[in-house]
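Chemist: Next comes query-v2.txt, compact mmCIF, C-alpha atoms and all ligand atoms:
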# COMPACT_ATOMS: atom_id res chain seq x y z
CA MET A 1 26.38 -131.09 -95.26
CA LEU A 2 24.15 -128.55 -93.54
CA ASN A 3 22.00 -129.72 -90.62
CA ILE A 4 18.55 -128.24 -90.84
CA LEU A 5 15.56 -128.40 -88.53
CA ILE A 6 12.07 -127.59 -89.76
CA LEU A 7 9.26 -127.23 -87.23
CA GLY A 8 5.64 -126.96 -88.33
CA LEU A 9 3.35 -125.54 -85.62
CA GLY A 10 -0.45 -125.78 -85.53
CA GLN A 11 -2.59 -126.93 -88.41
CA CYS A 12 -1.23 -124.54 -91.01
CA GLY A 13 2.40 -125.09 -89.99
CA ASN A 14 1.85 -128.86 -89.92
CA ARG A 15 0.42 -128.85 -93.41
CA ILE A 16 3.23 -126.81 -94.95
CA LEU A 17 5.66 -129.18 -93.24
CA ASP A 18 3.72 -132.09 -94.72
CA ALA A 19 4.16 -130.49 -98.15
CA VAL A 20 7.92 -130.35 -97.50
CA ASN A 21 7.88 -134.04 -96.60
CA HIS A 22 5.77 -134.80 -99.67
CA GLU A 23 8.43 -133.20 -101.86
CA ALA A 24 11.12 -135.17 -100.04
CA PHE A 25 9.40 -138.45 -100.89
CA GLY A 26 9.61 -137.46 -104.54
CA ARG A 27 6.61 -137.01 -106.77
CA GLY A 28 6.19 -140.71 -107.33
CA GLY A 29 2.43 -140.73 -106.75
CA THR A 30 0.32 -141.78 -103.78
CA PHE A 31 2.39 -144.83 -102.89
CA ALA A 32 5.79 -143.15 -102.97
CA LYS A 33 5.77 -142.80 -99.20
CA TYR A 34 5.45 -146.55 -98.76
CA TYR A 35 8.32 -147.65 -100.92
CA SER A 36 10.73 -144.73 -101.12
CA ARG A 37 12.76 -142.91 -98.50
CA GLN A 38 12.72 -139.19 -97.87
CA LYS A 39 15.42 -137.44 -99.87
CA PHE A 40 16.30 -133.96 -98.76
CA PRO A 41 18.87 -131.69 -100.36
CA ALA A 42 20.69 -131.56 -96.95
CA THR A 43 20.38 -133.28 -93.58
CA VAL A 44 16.87 -132.21 -92.68
CA LYS A 45 14.92 -133.11 -89.54
CA THR A 46 11.25 -132.24 -89.36
CA ILE A 47 8.77 -132.14 -86.47
CA ALA A 48 5.07 -131.33 -86.71
CA ILE A 49 3.88 -129.94 -83.37
CA ASN A 50 0.20 -129.49 -82.54
CA THR A 51 -2.32 -129.50 -79.70
CA ALA A 52 -4.95 -131.13 -81.91
CA ILE A 53 -4.36 -134.84 -82.43
CA ASN A 54 -6.70 -134.87 -85.43
CA ASP A 55 -4.60 -132.30 -87.30
CA LEU A 56 -1.56 -134.53 -86.75
CA LYS A 57 -3.48 -137.62 -87.87
CA GLY A 58 -4.48 -135.79 -91.04
CA LEU A 59 -0.86 -135.48 -92.20
CA GLU A 60 0.05 -137.80 -95.05
CA TYR A 61 3.79 -137.58 -95.59
CA THR A 62 5.16 -136.79 -92.15
CA LEU A 63 6.49 -139.87 -90.39
CA ALA A 64 4.83 -140.86 -87.13
CA LYS A 65 8.07 -140.26 -85.21
CA ASP A 66 8.05 -136.69 -86.52
CA ARG A 67 4.62 -135.84 -85.09
CA LEU A 68 4.53 -134.36 -81.63
CA HIS A 69 1.22 -134.07 -79.84
CA VAL A 70 1.03 -131.48 -77.08
CA PRO A 71 -2.09 -132.56 -75.22
CA HIS A 72 -4.87 -130.00 -74.94
CA LEU A 73 -8.40 -130.90 -75.95
CA HIS A 74 -8.77 -130.50 -79.72
CA GLY A 75 -6.59 -127.44 -80.12
CA VAL A 76 -6.79 -124.19 -78.19
CA GLY A 77 -9.70 -122.76 -80.19
CA ALA A 78 -7.75 -119.76 -81.50
CA ASN A 79 -7.12 -118.58 -77.93
CA ARG A 80 -3.52 -117.42 -77.68
CA THR A 81 -3.66 -116.99 -73.92
CA VAL A 82 -4.52 -120.66 -73.52
CA GLY A 83 -1.93 -121.51 -76.18
CA LYS A 84 0.86 -119.78 -74.27
CA GLN A 85 -0.15 -121.55 -71.06
CA VAL A 86 -0.14 -124.93 -72.81
CA PHE A 87 3.28 -124.20 -74.29
CA ASN A 88 4.73 -123.28 -70.92
CA GLU A 89 3.30 -126.41 -69.30
CA ASN A 90 4.86 -128.60 -72.00
CA LYS A 91 8.01 -126.64 -72.77
CA GLU A 92 10.47 -129.23 -71.43
CA MET A 93 8.86 -132.06 -73.38
CA ILE A 94 8.90 -130.05 -76.63
CA LEU A 95 12.50 -128.92 -76.21
CA SER A 96 13.73 -132.38 -75.32
CA GLU A 97 12.08 -133.79 -78.46
CA ILE A 98 13.93 -131.14 -80.52
CA ASP A 99 17.17 -131.83 -78.66
CA LYS A 100 17.02 -135.49 -79.70
CA ARG A 101 17.40 -134.40 -83.34
CA GLY A 102 20.98 -133.21 -82.76
CA THR A 103 22.59 -129.91 -83.70
CA PHE A 104 21.52 -127.51 -86.41
CA ASP A 105 22.98 -124.88 -88.71
CA LEU A 106 19.62 -123.40 -89.64
CA ILE A 107 16.12 -123.67 -88.17
CA PHE A 108 12.80 -122.96 -89.88
CA ILE A 109 9.51 -122.50 -88.04
CA PHE A 110 6.28 -122.62 -90.05
CA THR A 111 3.11 -121.27 -88.47
CA SER A 112 -0.03 -119.31 -89.16
CA THR A 113 -0.29 -116.06 -87.23
CA ALA A 114 -4.05 -116.35 -86.89
CA GLY A 115 -4.91 -119.57 -85.06
CA GLY A 116 -4.28 -120.33 -81.41
CA SER A 117 -1.63 -123.02 -81.13
CA GLY A 118 0.97 -122.16 -83.75
CA SER A 119 0.70 -118.41 -83.29
CA SER A 120 1.17 -118.60 -79.53
CA PHE A 121 3.88 -121.29 -79.58
CA ALA A 122 6.03 -119.61 -82.25
CA PRO A 123 7.33 -116.54 -80.35
CA LEU A 124 7.87 -118.58 -77.15
CA LEU A 125 9.67 -121.30 -79.07
CA VAL A 126 11.97 -118.74 -80.71
CA GLU A 127 12.79 -117.41 -77.25
CA GLU A 128 13.56 -120.90 -75.92
CA LEU A 129 15.52 -122.10 -78.96
CA LYS A 130 17.71 -119.00 -78.85
CA LYS A 131 18.86 -120.02 -75.37
CA THR A 132 20.24 -123.32 -76.66
CA TYR A 133 21.03 -122.94 -80.36
CA THR A 134 23.11 -120.37 -82.20
CA ALA A 135 21.61 -121.35 -85.58
CA PRO A 136 19.57 -118.61 -87.25
CA ILE A 137 15.84 -119.17 -86.87
CA ILE A 138 13.73 -118.22 -89.86
CA CYS A 139 10.00 -118.02 -89.26
CA ILE A 140 7.67 -118.51 -92.17
CA ALA A 141 4.51 -116.80 -90.93
CA VAL A 142 1.22 -117.25 -92.79
CA LEU A 143 -1.24 -114.34 -92.66
CA PRO A 144 -4.99 -115.08 -92.75
CA PHE A 145 -7.61 -114.31 -95.34
CA ARG A 146 -8.80 -110.91 -94.12
CA GLU A 147 -12.44 -112.00 -93.96
CA GLU A 148 -11.71 -114.88 -91.58
CA GLY A 149 -12.93 -112.87 -88.60
CA SER A 150 -11.85 -110.55 -85.85
CA ILE A 151 -10.12 -113.09 -83.62
CA PHE A 152 -7.83 -114.19 -86.44
CA LEU A 153 -6.97 -110.56 -87.17
CA GLN A 154 -6.24 -109.81 -83.51
CA ASN A 155 -4.13 -112.94 -83.17
CA THR A 156 -2.14 -111.96 -86.24
CA ALA A 157 -1.45 -108.48 -84.90
CA PHE A 158 -0.20 -109.71 -81.52
CA CYS A 159 1.58 -112.80 -82.83
CA LEU A 160 3.62 -110.83 -85.35
CA ARG A 161 4.59 -108.19 -82.82
CA GLU A 162 5.71 -110.82 -80.33
CA LEU A 163 7.55 -112.75 -83.01
CA ILE A 164 9.49 -109.71 -84.19
CA ASP A 165 10.21 -108.73 -80.56
CA MET A 166 11.85 -112.11 -80.00
CA LYS A 167 14.33 -111.27 -82.75
CA PRO A 168 14.52 -114.52 -84.67
CA GLY A 169 16.90 -114.64 -87.64
CA GLY A 170 14.06 -113.27 -89.72
CA VAL A 171 10.37 -113.50 -90.55
CA LEU A 172 9.21 -114.29 -94.08
CA LEU A 173 5.54 -113.61 -94.68
CA VAL A 174 3.17 -115.75 -96.72
CA ASP A 175 -0.16 -114.03 -97.26
CA ASN A 176 -3.19 -116.26 -97.77
CA GLN A 177 -5.26 -113.24 -98.79
CA TYR A 178 -2.75 -112.19 -101.45
CA LEU A 179 -2.40 -115.76 -102.73
CA LYS A 180 -6.13 -116.43 -102.87
CA LYS A 181 -5.73 -115.85 -106.60
CA TYR A 182 -4.06 -119.29 -106.81
CA ALA A 183 -7.41 -121.11 -106.77
CA GLY A 184 -11.16 -120.66 -106.56
CA ASP A 185 -11.79 -122.82 -103.52
CA ILE A 186 -10.01 -122.65 -100.18
CA LYS A 187 -8.78 -126.24 -100.09
CA SER A 188 -7.04 -125.92 -103.47
CA ALA A 189 -5.66 -122.50 -102.51
CA TYR A 190 -4.20 -123.98 -99.28
CA ASP A 191 -2.64 -126.85 -101.19
CA ARG A 192 -1.07 -124.54 -103.75
CA ILE A 193 0.20 -122.10 -101.10
CA ASN A 194 1.63 -124.95 -99.02
CA ILE A 195 3.41 -126.68 -101.87
CA THR A 196 4.72 -123.37 -103.25
CA THR A 197 6.11 -122.39 -99.86
CA ALA A 198 7.58 -125.86 -99.35
CA ARG A 199 9.34 -125.84 -102.72
CA ARG A 200 10.85 -122.42 -102.11
CA VAL A 201 12.22 -123.44 -98.73
CA LEU A 202 13.69 -126.61 -100.26
CA PHE A 203 15.16 -124.58 -103.13
CA LEU A 204 16.89 -122.36 -100.58
CA ILE A 205 18.16 -125.35 -98.61
CA GLU A 206 19.45 -127.02 -101.76
CA ALA A 207 21.33 -123.89 -102.81
CA LEU A 208 22.89 -123.30 -99.39
CA ASN A 209 24.02 -126.91 -99.31
CA SER A 210 25.52 -126.97 -102.83
CA GLU A 211 28.71 -125.93 -104.51
CA MET A 212 27.82 -122.76 -106.36
CA LEU A 213 29.35 -121.10 -109.37
CA MET A 214 28.83 -117.72 -107.73
CA VAL A 215 28.59 -118.28 -104.03
CA THR A 216 26.13 -117.11 -101.45
CA ASP A 217 25.91 -118.84 -98.10
CA LEU A 218 24.35 -119.06 -94.67
CA GLY A 219 26.31 -116.01 -93.51
CA ASP A 220 24.82 -113.95 -96.35
CA LEU A 221 21.37 -115.29 -95.55
CA LYS A 222 21.78 -114.11 -91.95
CA THR A 223 22.78 -110.65 -93.17
CA VAL A 224 19.85 -110.44 -95.57
CA MET A 225 17.31 -111.60 -93.00
CA ASN A 226 18.69 -109.10 -90.51
CA GLY A 227 17.95 -106.18 -92.85
CA GLY A 228 15.16 -103.61 -92.60
CA VAL A 229 12.47 -104.35 -90.04
CA GLY A 230 13.33 -108.06 -90.01
CA VAL A 231 10.29 -108.95 -92.09
CA GLY A 232 10.42 -110.05 -95.68
CA THR A 233 8.93 -111.76 -98.67
CA MET A 234 9.96 -114.51 -101.08
CA GLY A 235 9.70 -114.44 -104.86
CA PHE A 236 10.19 -117.04 -107.55
CA TYR A 237 10.22 -117.34 -111.32
CA GLU A 238 10.82 -120.16 -113.73
CA ALA A 239 12.05 -119.12 -117.16
CA SER A 240 9.75 -119.62 -120.09
CA LYS A 241 11.11 -120.57 -123.51
CA ASP A 242 11.90 -117.04 -124.58
CA SER A 243 13.03 -115.42 -121.34
CA ASN A 244 16.68 -114.54 -120.92
CA ILE A 245 18.36 -114.64 -117.52
CA LYS A 246 17.67 -110.94 -116.86
CA SER A 247 13.94 -111.27 -117.41
CA THR A 248 13.97 -114.44 -115.29
CA ILE A 249 15.62 -112.59 -112.39
CA LEU A 250 13.24 -109.63 -112.71
CA GLY A 251 10.30 -112.02 -112.99
CA SER A 252 11.05 -113.41 -109.54
CA PHE A 253 10.06 -110.20 -107.80
CA LYS A 254 7.09 -109.25 -109.88
CA PRO A 255 3.84 -109.25 -107.86
CA SER A 256 2.83 -112.60 -109.37
CA GLY A 257 5.92 -114.31 -107.92
CA LEU A 258 5.83 -112.90 -104.38
CA LEU A 259 4.29 -114.65 -101.37
CA PHE A 260 3.59 -111.35 -99.65
CA PRO A 261 2.94 -108.14 -101.58
CA ALA A 262 5.74 -105.57 -101.57
CA ASN A 263 7.31 -103.08 -103.89
CA VAL A 264 10.85 -104.33 -103.55
CA TYR A 265 12.28 -101.31 -105.42
CA THR A 266 10.91 -98.78 -102.92
CA ASP A 267 10.69 -100.93 -99.78
CA GLY A 268 13.42 -103.57 -100.17
CA ALA A 269 16.21 -103.40 -97.56
CA ARG A 270 18.41 -106.36 -98.53
CA ALA A 271 18.06 -109.23 -100.93
CA MET A 272 19.39 -112.63 -101.85
CA LEU A 273 18.93 -114.01 -105.35
CA ILE A 274 19.54 -117.65 -106.09
CA ILE A 275 19.76 -118.52 -109.75
CA LYS A 276 19.67 -122.15 -110.79
CA GLY A 277 19.85 -123.56 -114.29
CA ASP A 278 21.76 -125.06 -117.16
CA LYS A 279 25.12 -123.41 -117.81
CA LYS A 280 24.11 -122.46 -121.34
CA TYR A 281 21.48 -120.05 -119.98
CA LEU A 282 23.66 -118.52 -117.29
CA ASP A 283 25.25 -115.41 -118.76
CA LEU A 284 27.31 -114.36 -115.75
CA ASP A 285 27.94 -110.82 -117.05
CA LEU A 286 24.24 -110.23 -117.55
CA ILE A 287 23.51 -111.69 -114.09
CA THR A 288 26.07 -109.36 -112.49
CA LYS A 289 24.71 -106.35 -114.39
CA THR A 290 21.11 -107.14 -113.42
CA VAL A 291 22.07 -107.55 -109.77
CA GLU A 292 24.01 -104.27 -109.84
CA GLU A 293 20.95 -102.51 -111.22
CA LEU A 294 18.81 -103.89 -108.43
CA SER A 295 21.44 -102.85 -105.86
CA ARG A 296 20.82 -99.20 -106.77
CA ASP A 297 17.36 -99.50 -105.21
CA VAL A 298 17.89 -102.28 -102.68
CA GLY A 299 21.00 -101.55 -100.62
CA GLN A 300 22.65 -104.95 -100.60
CA VAL A 301 21.95 -107.83 -102.96
CA PHE A 302 23.71 -111.18 -102.59
CA LYS A 303 23.67 -113.58 -105.49
CA GLY A 304 24.28 -117.29 -105.79
CA VAL A 305 24.45 -119.25 -109.02
CA LEU A 306 23.84 -122.96 -109.06
CA VAL A 307 24.47 -125.07 -112.15
CA LYS A 308 21.85 -127.77 -112.76
CA LYS A 309 20.75 -129.23 -116.06
CA GLU A 310 17.36 -127.57 -116.13
CA ARG A 311 15.53 -124.47 -117.29
CA PRO A 312 16.56 -121.42 -115.18
CA LYS A 313 14.71 -120.72 -111.97
CA VAL A 314 15.25 -117.80 -109.61
CA LEU A 315 14.40 -117.57 -105.93
CA SER A 316 14.54 -114.10 -104.41
CA LEU A 317 14.43 -113.26 -100.72
CA PHE A 318 13.86 -109.70 -99.58
CA THR A 319 13.76 -108.02 -96.21
CA LEU A 320 11.80 -104.80 -96.17
CA ASN A 321 12.33 -101.29 -94.78
CA SER A 322 8.66 -100.51 -94.71
CA VAL A 323 5.64 -102.75 -94.94
CA PRO A 324 2.53 -100.76 -95.93
CA GLU A 325 0.40 -103.91 -96.16
CA LEU A 326 1.05 -104.62 -92.46
CA ASP A 327 0.01 -101.09 -91.59
CA LYS A 328 -3.37 -101.81 -93.17
CA LEU A 329 -3.62 -105.13 -91.38
CA TYR A 330 -2.87 -103.60 -87.95
CA ALA A 331 -5.43 -100.82 -88.56
CA ALA A 332 -8.02 -103.49 -89.43
CA ALA A 333 -7.06 -105.51 -86.34
CA ALA A 334 -7.42 -102.44 -84.10
CA ASP A 335 -10.86 -101.73 -85.62
CA ALA A 336 -11.85 -105.34 -85.03
CA ILE A 337 -10.77 -105.21 -81.36
CA ARG A 338 -12.66 -101.93 -80.77
CA PHE A 339 -15.74 -103.30 -82.49
CA GLU A 340 -15.66 -106.43 -80.27
CA MET A 341 -15.18 -104.33 -77.12
CA ASP A 342 -18.08 -102.09 -78.08
CA LYS A 343 -20.33 -105.03 -78.78
CA ARG A 344 -19.42 -106.70 -75.51
CA ASP A 345 -20.10 -103.47 -73.55
CA LYS A 346 -23.48 -103.08 -75.22
CA SER A 347 -24.50 -106.68 -74.54
CA LYS A 348 -23.45 -106.34 -70.90
CA LYS A 349 -25.51 -103.19 -70.51
CA GLN A 350 -28.50 -104.81 -72.19
CA LEU A 351 -28.27 -107.82 -69.90
CA ASN A 352 -27.99 -105.57 -66.83
CA THR A 353 -31.09 -103.66 -67.95
CA ALA A 354 -32.92 -106.97 -68.30
CA PHE A 355 -31.81 -108.09 -64.83
CA SER A 356 -32.89 -104.75 -63.36
CA HIS A 357 -36.54 -105.68 -63.96
CA ILE A 358 -36.34 -108.09 -61.03
CA ASP A 359 -34.07 -105.96 -58.83
CA ASP A 360 -36.57 -105.60 -55.98
CA LEU A 361 -38.42 -108.88 -56.47
CA GLU A 362 -38.12 -112.38 -55.03
CA PRO A 363 -39.45 -115.61 -56.53
CA ILE A 364 -42.83 -116.71 -55.17
CA TYR A 365 -43.62 -120.43 -54.69
N1 LIG B 401 -1.75 -121.52 -96.27
C1 LIG B 401 -2.46 -122.25 -95.40
N2 LIG B 401 -3.14 -121.66 -94.41
C2 LIG B 401 -3.82 -122.45 -93.55
C3 LIG B 401 -3.87 -123.86 -93.66
N3 LIG B 401 -4.63 -124.35 -92.66
C4 LIG B 401 -5.04 -123.28 -91.94
N4 LIG B 401 -4.56 -122.12 -92.48
C5 LIG B 401 -4.76 -120.75 -91.98
O1 LIG B 401 -4.33 -120.75 -90.62
C6 LIG B 401 -5.17 -119.91 -89.82
C7 LIG B 401 -5.71 -120.74 -88.68
O2 LIG B 401 -4.64 -121.26 -87.96
P1 LIG B 401 -4.39 -122.80 -87.66
O3 LIG B 401 -2.99 -123.12 -88.07
O4 LIG B 401 -5.48 -123.61 -88.21
O5 LIG B 401 -4.48 -122.77 -86.06
P2 LIG B 401 -3.73 -123.64 -84.97
O6 LIG B 401 -2.34 -123.14 -84.83
O7 LIG B 401 -3.91 -125.08 -85.31
O8 LIG B 401 -4.48 -123.24 -83.62
P3 LIG B 401 -5.83 -123.83 -82.92
O9 LIG B 401 -6.54 -124.69 -83.93
O10 LIG B 401 -6.58 -122.60 -82.53
O11 LIG B 401 -5.33 -124.60 -81.75
C8 LIG B 401 -6.22 -119.36 -90.76
O12 LIG B 401 -5.81 -118.06 -91.16
C9 LIG B 401 -6.21 -120.31 -91.94
O13 LIG B 401 -6.57 -119.68 -93.15
C10 LIG B 401 -3.13 -124.45 -94.73
O14 LIG B 401 -3.09 -125.68 -94.91
N5 LIG B 401 -2.44 -123.60 -95.55
MG MG B 402 -5.65 -126.36 -84.92
Kindly present the structure from the file in structure tokens form.

Modeler:
Amino acid sequence: MLNILILGLGQCGNRILDAVNHEAFGRGGTFAKYYSRQKFPATVKTIAINTAINDLKGLEYTLAKDRLHVPHLHGVGANRTVGKQVFNENKEMILSEIDKRGTFDLIFIFTSTAGGSGSSFAPLLVEELKKTYTAPIICIAVLPFREEGSIFLQNTAFCLRELIDMKPGGVLLVDNQYLKKYAGDIKSAYDRINITTARRVLFLIEALNSEMLMVTDLGDLKTVMNGGVGVGTMGFYEASKDSNIKSTILGSFKPSGLLFPANVYTDGARAMLIIKGDKKYLDLDLITKTVEELSRDVGQVFKGVLVKKERPKVLSLFTLNSVPELDKLYAAAADAIRFEMDKRDKSKKQLNTAFSHIDDLEPIY
């Protein structure tokens, strides 16, 4: 049995973690959490960490013992400098809470890159965890809607750079902007993105923890996540009535299945494909041939096949050699920083001009 730790940081990370816990309670309706027990496909420990007590209170499926409040007002207001300070002041408490959960074979960290708490805690937490644990740490980093404002863009740019510098096992991107298509309103889009991400992570955990017909394992996952620039995307596809296993595999890395946009044929560095389904659909020769074809473009492709009495589903993980979408995001972040600096300079000058009117005057009473 694999021992897995999942940490959800800040509001976004907390909510994706809550979606994981929701899935673990089964889809038995609103009351499932009161009468059933969490069932994970491995030994999974979860902790939601946040500076804002209200965000923690808002969680529905995360047990009280799995909520860790790091006291600081009502969050750090998207300020990463404050966030880092709060983390450092509470580091021992956070690490000791994690330590109580035992040892781990694999660690996931969920966070948004754009807010203050999660995005500042994540790189520092990776640094600290690496001192104690040898388990690979996979960060699931959520990028903002691009119109959310200049501070969120700046935070994303610096958070991602720091995260990659800390060399976790890997960073998988989830792009709110790209996934906006899921729903018309933000709340529904968040819910869909969170549950989709949660299910994919649980799918991966289930596969790594199962006996497979064709085997891929934690070692392969480490190798895949270590590929390219250490940043990647996740794809998924569930077979329809008339898809064969080849079209199901290919479907998993079509744009509609990815959580972050990428052309995996031109930019993919390494990949892992996990194929799950009823034996009658699993043509092993066709699977091998399809994977070989993909390997011509993407250097190394690991495959795992899991037999389960259900319609075939494929999860694909890719690390990337180049990430054009991030280039655009960093250019936009740089523009946003310059624009803010300019504005601040102008306002300062304007204020100084205003003050200058009374330079040689004193109040008269
Ligand atoms: N996918 C998804 N994104 C979310 C969710 N909640 C917030 N976000 C995104 O997360 C970013 C804001 O970060 P938060 O996680 O709210 O910030 P925080 O870490 O709590 O930090 P502070 O509130 O500043 O202390 C924005 O880009 C939001 O669009 C969610 O439930 N799902
Ligand atoms: Mg918050």

Chemist: Pick the closest to Ile274 of chain A from A:Leu294, A:Val215, A:Val323, A:Ala183: which is it, counting only C-alpha atoms?

Modeler: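 Answer, going by the shortest atom-to-atom distance: A:Val215.
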
Chemist: Kindly provide the residues of chain A that approach ligand LIG 401 (chain B) to within 8 Å, each paired with its closest atom pair and their distance in Å to one decimal, based on all atoms listed in the file, listed by chain and increasing number, as a tab-separated table.

Modeler:
residue	atom	partner	partner_atom	distance
A:Leu9	CA	B:LIG401	O6	6.2
A:Gly10	CA	B:LIG401	O6	3.3
A:Gln11	CA	B:LIG401	O7	3.8
A:Cys12	CA	B:LIG401	O3	3.7
A:Gly13	CA	B:LIG401	O3	6.1
A:Asn14	CA	B:LIG401	O14	7.7
A:Arg15	CA	B:LIG401	O14	5.0
A:Ile16	CA	B:LIG401	O14	6.4
A:Asn50	CA	B:LIG401	O7	6.6
A:Thr51	CA	B:LIG401	O11	6.1
A:Ala52	CA	B:LIG401	O11	6.5
A:Asp55	CA	B:LIG401	O7	7.5
A:His74	CA	B:LIG401	O11	7.1
A:Gly75	CA	B:LIG401	O11	3.5
A:Val76	CA	B:LIG401	O11	3.9
A:Gly77	CA	B:LIG401	O10	3.9
A:Ala78	CA	B:LIG401	O10	3.2
A:Asn79	CA	B:LIG401	O10	6.1
A:Arg80	CA	B:LIG401	O10	7.7
A:Gly83	CA	B:LIG401	O11	7.2
A:Thr111	CA	B:LIG401	O3	6.4
A:Ser112	CA	B:LIG401	O1	4.8
A:Thr113	CA	B:LIG401	C6	6.7
A:Ala114	CA	B:LIG401	C6	4.7
A:Gly115	CA	B:LIG401	O2	3.4
A:Gly116	CA	B:LIG401	O10	3.4
A:Ser117	CA	B:LIG401	O6	3.8
A:Gly118	CA	B:LIG401	O6	3.6
A:Ser119	CA	B:LIG401	O6	5.8
A:Ser120	CA	B:LIG401	O6	7.8
A:Val142	CA	B:LIG401	N1	6.3
A:Leu143	CA	B:LIG401	O12	6.1
A:Pro144	CA	B:LIG401	O12	3.5
A:Phe145	CA	B:LIG401	O13	5.9
A:Glu148	CA	B:LIG401	O12	6.7
A:Phe152	CA	B:LIG401	O12	6.4
A:Val174	CA	B:LIG401	N1	7.6
A:Asp175	CA	B:LIG401	N1	7.7
A:Asn176	CA	B:LIG401	N1	5.7
A:Lys187	CA	B:LIG401	O14	7.7
A:Ala189	CA	B:LIG401	N1	7.4
A:Tyr190	CA	B:LIG401	N5	4.1
A:Asp191	CA	B:LIG401	O14	6.4
A:Ile193	CA	B:LIG401	N1	5.2
A:Asn194	CA	B:LIG401	N5	5.5

Chemist: What is the distance between atom CA of Val231 of chain A and atom CA of Ala271 of chain A, in Å to one decimal?

Modeler: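 Answer for the atom CA of Val231 of chain A to atom CA of Ala271 of chain A separation: 11.8 Å.
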
Chemist: Go through A:Val264, A:Ile249, A:Leu221, A:Ile98 one by one, measure the shortest atom-to-atom distance of each to Ala48 of chain A using all atoms listed in the file, and give the residue with the smallest value.

Modeler: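 For Ala48 of chain A, the nearest of the candidates is A:Ile98.
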
Chemist: What's the separation between atom CA of Arg67 of chain A and atom CA of Met234 of chain A, in Å to one decimal place?

Modeler: 27.2 Å

Chemist: When you count all atoms listed in the file, which of these residues is closest to ligand MG 402 (chain B): A:Thr319, A:Asn54, A:Ser150, A:Ser240?

Modeler: A:Asn54
